[in-house]
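Printed here is data_18.csv (CSV, C-alpha atoms):
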```csv
chain,number,residue,atom,x,y,z
N,1,MET,CA,0.0,0.0,0.0
N,2,THR,CA,1.4,3.4,-0.9
N,3,ARG,CA,2.1,6.1,1.6
N,4,GLU,CA,-0.5,8.3,0.1
N,5,LYS,CA,-3.1,5.6,0.4
N,6,LYS,CA,-2.3,5.1,4.1
N,7,GLN,CA,-2.6,8.8,4.7
N,8,GLU,CA,-6.0,8.8,3.0
N,9,TYR,CA,-7.2,5.9,5.0
N,10,THR,CA,-5.9,7.5,8.2
N,11,LEU,CA,-7.9,10.7,7.5
N,12,ARG,CA,-11.0,8.7,6.7
N,13,ILE,CA,-10.7,6.6,9.8
N,14,ALA,CA,-10.4,9.7,12.0
N,15,ASN,CA,-13.7,11.0,10.7
N,16,ALA,CA,-15.7,7.8,10.3
N,17,ASN,CA,-18.7,6.5,12.2
N,18,LYS,CA,-19.1,2.8,13.1
N,19,THR,CA,-20.5,1.7,9.7
N,20,GLU,CA,-17.9,3.7,7.8
N,21,LEU,CA,-15.2,2.0,9.8
N,22,ILE,CA,-16.4,-1.4,8.7
N,23,ILE,CA,-16.4,-0.2,5.1
N,24,LEU,CA,-12.9,1.2,5.5
N,25,LEU,CA,-11.7,-2.1,6.9
N,26,TYR,CA,-13.1,-3.9,3.8
N,27,GLU,CA,-11.4,-1.4,1.6
N,28,ILE,CA,-8.1,-1.8,3.3
N,29,CYS,CA,-8.3,-5.5,3.1
N,30,ILE,CA,-9.2,-5.3,-0.6
N,31,THR,CA,-6.3,-2.9,-1.2
N,32,TYR,CA,-3.9,-5.4,0.4
N,33,LEU,CA,-5.4,-8.2,-1.7
N,34,ASP,CA,-4.8,-6.2,-4.8
N,35,ASP,CA,-1.2,-5.6,-3.7
N,36,ALA,CA,-0.8,-9.4,-3.3
N,37,LEU,CA,-2.3,-10.1,-6.7
N,38,TYR,CA,-0.2,-7.3,-8.3
N,39,ASN,CA,3.1,-8.6,-6.7
N,40,GLU,CA,2.6,-12.2,-7.7
N,41,ASN,CA,6.2,-12.6,-8.7
N,42,ASP,CA,7.7,-10.9,-5.6
N,43,ILE,CA,7.0,-13.5,-3.0
N,44,LYS,CA,8.2,-11.4,0.0
N,45,GLU,CA,6.0,-8.4,-0.9
N,46,ARG,CA,3.0,-10.7,-1.7
N,47,ASN,CA,3.3,-12.5,1.6
N,48,LEU,CA,3.6,-9.3,3.5
N,49,ALA,CA,0.4,-8.0,1.8
N,50,LEU,CA,-1.3,-11.3,2.6
N,51,SER,CA,-0.3,-11.1,6.3
N,52,HIS,CA,-2.0,-7.7,6.4
N,53,VAL,CA,-5.1,-9.3,4.8
N,54,ARG,CA,-5.1,-11.9,7.6
N,55,ASP,CA,-4.8,-9.1,10.2
N,56,CYS,CA,-7.8,-7.3,8.7
N,57,LEU,CA,-9.8,-10.6,8.8
N,58,ASP,CA,-8.8,-11.1,12.4
N,59,GLU,CA,-10.0,-7.6,13.2
N,60,MET,CA,-13.3,-8.3,11.4
N,61,ILE,CA,-13.8,-11.5,13.5
N,62,GLN,CA,-12.9,-9.8,16.8
N,63,ASN,CA,-15.4,-7.0,16.2
N,64,LEU,CA,-18.5,-9.1,15.3
N,65,ASP,CA,-21.5,-8.4,17.4
N,66,TYR,CA,-23.1,-11.7,18.2
N,67,ARG,CA,-26.3,-10.1,19.3
N,68,TYR,CA,-27.2,-10.0,15.6
N,69,GLU,CA,-28.0,-13.0,13.5
N,70,PRO,CA,-25.5,-12.6,10.6
N,71,ALA,CA,-22.5,-12.5,13.0
N,72,LYS,CA,-22.1,-16.3,13.1
N,73,ALA,CA,-22.3,-16.6,9.3
N,74,LEU,CA,-19.8,-13.8,8.9
N,75,LYS,CA,-17.4,-15.4,11.3
N,76,GLN,CA,-17.5,-18.6,9.2
N,77,LEU,CA,-16.9,-16.7,6.0
N,78,TYR,CA,-14.0,-14.7,7.5
N,79,THR,CA,-12.5,-17.9,8.9
N,80,TYR,CA,-12.8,-19.5,5.5
N,81,MET,CA,-11.1,-16.5,3.9
N,82,LYS,CA,-8.2,-16.7,6.4
N,83,ILE,CA,-7.7,-20.4,5.5
N,84,VAL,CA,-7.6,-19.5,1.8
N,85,VAL,CA,-5.1,-16.7,2.5
N,86,ARG,CA,-2.9,-19.1,4.6
N,87,GLN,CA,-3.0,-21.6,1.9
N,88,ALA,CA,-1.9,-19.0,-0.6
N,89,ILE,CA,1.1,-18.2,1.5
N,90,ILE,CA,2.1,-21.8,2.2
N,91,GLU,CA,1.4,-23.2,-1.2
N,92,ASN,CA,2.6,-20.1,-3.1
N,93,ASP,CA,-0.7,-20.2,-5.1
N,94,ILE,CA,-2.8,-17.0,-5.4
N,95,THR,CA,-5.6,-18.4,-7.7
N,96,ASN,CA,-8.3,-18.3,-5.1
N,97,LEU,CA,-7.5,-14.8,-3.8
N,98,SER,CA,-9.7,-13.2,-6.5
N,99,ILE,CA,-12.7,-15.2,-5.1
N,100,ILE,CA,-12.1,-13.7,-1.7
N,101,ARG,CA,-11.7,-10.2,-3.2
N,102,ASP,CA,-15.1,-10.6,-4.9
N,103,LYS,CA,-16.7,-11.7,-1.6
N,104,LEU,CA,-15.2,-8.8,0.3
N,105,ASP,CA,-16.2,-6.3,-2.4
N,106,LYS,CA,-19.9,-7.6,-2.2
N,107,LEU,CA,-19.8,-7.3,1.6
N,108,ARG,CA,-18.4,-3.7,1.4
N,109,ALA,CA,-21.1,-2.8,-1.1
N,110,SER,CA,-23.8,-4.1,1.3
N,111,TYR,CA,-22.4,-1.9,4.1
N,112,GLU,CA,-22.2,1.0,1.7
N,113,GLN,CA,-26.0,0.7,1.2
N,114,ILE,CA,-26.7,1.0,4.9
N,115,LYS,CA,-24.2,3.6,5.9
N,116,ASP,CA,-26.7,6.4,5.6
N,117,VAL,CA,-28.9,4.8,8.2
N,118,ASP,CA,-26.1,5.0,10.8
N,119,SER,CA,-26.7,8.4,12.4
N,120,SER,CA,-23.9,8.0,15.0
N,121,GLY,CA,-21.1,10.5,14.9
N,122,PRO,CA,-17.4,9.9,14.4
N,123,VAL,CA,-15.9,7.2,16.6
N,124,MET,CA,-12.8,9.3,17.2
N,125,ILE,CA,-13.0,12.7,18.8
N,126,HIS,CA,-10.4,15.5,18.9
N,127,THR,CA,-8.8,14.4,15.7
N,128,GLN,CA,-7.2,16.5,13.0
N,129,SER,CA,-9.7,18.4,10.9
N,130,VAL,CA,-8.9,18.9,7.3
N,131,LEU,CA,-10.7,21.4,5.2
N,132,THR,CA,-10.1,21.3,1.6
N,133,GLY,CA,-11.1,23.8,-1.0
N,134,MET,CA,-9.9,26.2,-3.5
N,135,THR,CA,-8.1,29.2,-2.1
N,136,TYR,CA,-5.9,31.8,-3.8
N,137,SER,CA,-2.6,33.0,-2.7
N,138,LYS,CA,-0.9,36.3,-3.5
N,139,ASN,CA,0.3,34.9,-6.8
N,140,LYS,CA,-3.3,33.8,-7.6
N,141,ILE,CA,-2.2,30.1,-7.5
N,142,LEU,CA,-4.8,27.6,-6.6
N,143,ASP,CA,-4.0,25.9,-3.3
N,144,GLU,CA,-5.6,23.6,-0.8
N,145,LEU,CA,-6.3,24.8,2.7
N,146,THR,CA,-5.4,22.5,5.6
N,147,GLN,CA,-6.5,23.4,9.1
N,148,GLU,CA,-4.9,21.4,11.9
N,149,GLN,CA,-6.1,21.4,15.5
N,150,THR,CA,-3.5,21.9,18.1
N,151,PHE,CA,-5.1,19.5,20.6
N,152,ARG,CA,-5.0,15.8,19.9
N,153,GLY,CA,-6.4,13.2,22.2
N,154,TYR,CA,-7.7,14.6,25.5
N,155,ARG,CA,-8.4,18.2,26.1
N,156,VAL,CA,-8.4,19.7,29.5
```

Exercise: express the given structure as structure tokens:
Amino acid sequence: MTREKKQEYTLRIANANKTELIILLYEICITYLDDALYNENDIKERNLALSHVRDCLDEMIQNLDYRYEPAKALKQLYTYMKIVVRQAIIENDITNLSIIRDKLDKLRASYEQIKDVDSSGPVMIHTQSVLTGMTYSKNKILDELTQEQTFRGYRV
């Protein structure tokens, strides 16, 4: 994953509500899967990307809410995906990774449909605010405006 992509995800995570965090986790997992598929000849880079995919799947499993019915089915699906990823690392075979990518993409799309129903605010508070827009400097050059808050974490 590129540095710019990590920065983009970090900013989006800081401003996301619960449903958007799930969507972001799917997107991060898909990005790492794409990295693994793209780096099919570089075994070290591919396996590093696949270990990140496993970490994402572990995070998904740990954050399931078993009060709701689909949690058990999702746990089975995520566990199956972890097995396929592990096999890809051990057997040096990435043919089944595209199947996992498609499943993750469908799950992400389903959460994308319900994200507007989630009226909760951002999970993280006191994070960096970034305002972007068109501004002009003295030389009439188009710039982006970034506003950073000086307090991060707790505020007394």

Each residue of range 32-135 of chain N with at least one atom at most 8 Å from range 21-24 of chain N should appear once, together with its nearest atom pair and the corresponding distance in Å (one decimal); atoms considered: all atoms listed in the file; ordering: chain, then increasing residue number; output as JSON lines.
```
{"residue": "N:Arg108", "atom": "CA", "partner": "N:Ile23", "partner_atom": "CA", "distance": 5.5}
{"residue": "N:Tyr111", "atom": "CA", "partner": "N:Ile23", "partner_atom": "CA", "distance": 6.3}
{"residue": "N:Glu112", "atom": "CA", "partner": "N:Ile23", "partner_atom": "CA", "distance": 6.8}
```

Just the number, please: distance in Å from CA of Lys5 in chain N to CA of Ala49 in chain N, one decimal.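 We find that CA of Lys5 in chain N and CA of Ala49 in chain N lie 14.1 Å from each other.
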
Within 10 Å of (-8.4, -10.7, -6.9) (file coordinates; only C-alpha atoms), which protein or nucleic acid residues are there? I'd like them as a list in words. Ile30, Thr31, Leu33, Asp34, Asp35, Ala36, Leu37, Tyr38, Ile94, Thr95, Asn96, Leu97, Ser98, Ile99, Ile100, Arg101, Asp102 and Lys103 of chain N

So, with only C-alpha atoms as the atoms that count, which of N:Leu57, N:Leu25, N:Ala14, N:Ile114 lies closest to Val85 in chain N? N:Leu57

Selected residue, from N:Lys18, N:Arg54, N:Lys115, N:Arg3, that lies nearest to Thr79 in chain N when counting all atoms listed in the file: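 Smallest distance to Thr79 in chain N is found for N:Arg54.
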
May I ask for the distance between CA of Ile61 in chain N and CA of Gln113 in chain N, given in Å to one decimal place?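 Going from CA of Ile61 in chain N over to CA of Gln113 in chain N covers 21.2 Å.
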
Separation of CA of Ser110 in chain N from CA of Asn17 in chain N, in Å and rounded to one decimal: 16.0 Å

When distances are computed from all atoms listed in the file, which of N:Arg86, N:Arg67, N:Lys6, N:Lys106 shows the smallest separation from Tyr26 in chain N?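 Using all atoms listed in the file, Tyr26 in chain N sits closest to N:Lys106.
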
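Within 12 Å of Asn39 in chain N, once all atoms listed in the file are used and residues closer than 6 positions along the same chain are dropped, the contacting residues are Met1, Tyr32, Leu33, Glu45, Arg46, Asn47, Leu48, Ala49, Leu50 and Ile94 of chain N.
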
Box for range 18-25 of chain N - axis-aligned, 8 Å on each of the six sides, all listed atoms - centre and size in Å to one decimal, as lines of an AutoDock Vina configuration file.
```
center_x = -16.1
center_y = 0.8
center_z = 9.1
size_x = 24.8
size_y = 21.8
size_z = 24.0
```

Using all atoms listed in the file, pick whichever of N:Ile89, N:Leu77, N:Val84, N:Ile13 has the shortest atom-to-atom distance to Leu107 in chain N.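 Using all atoms listed in the file, Leu107 in chain N sits closest to N:Leu77.
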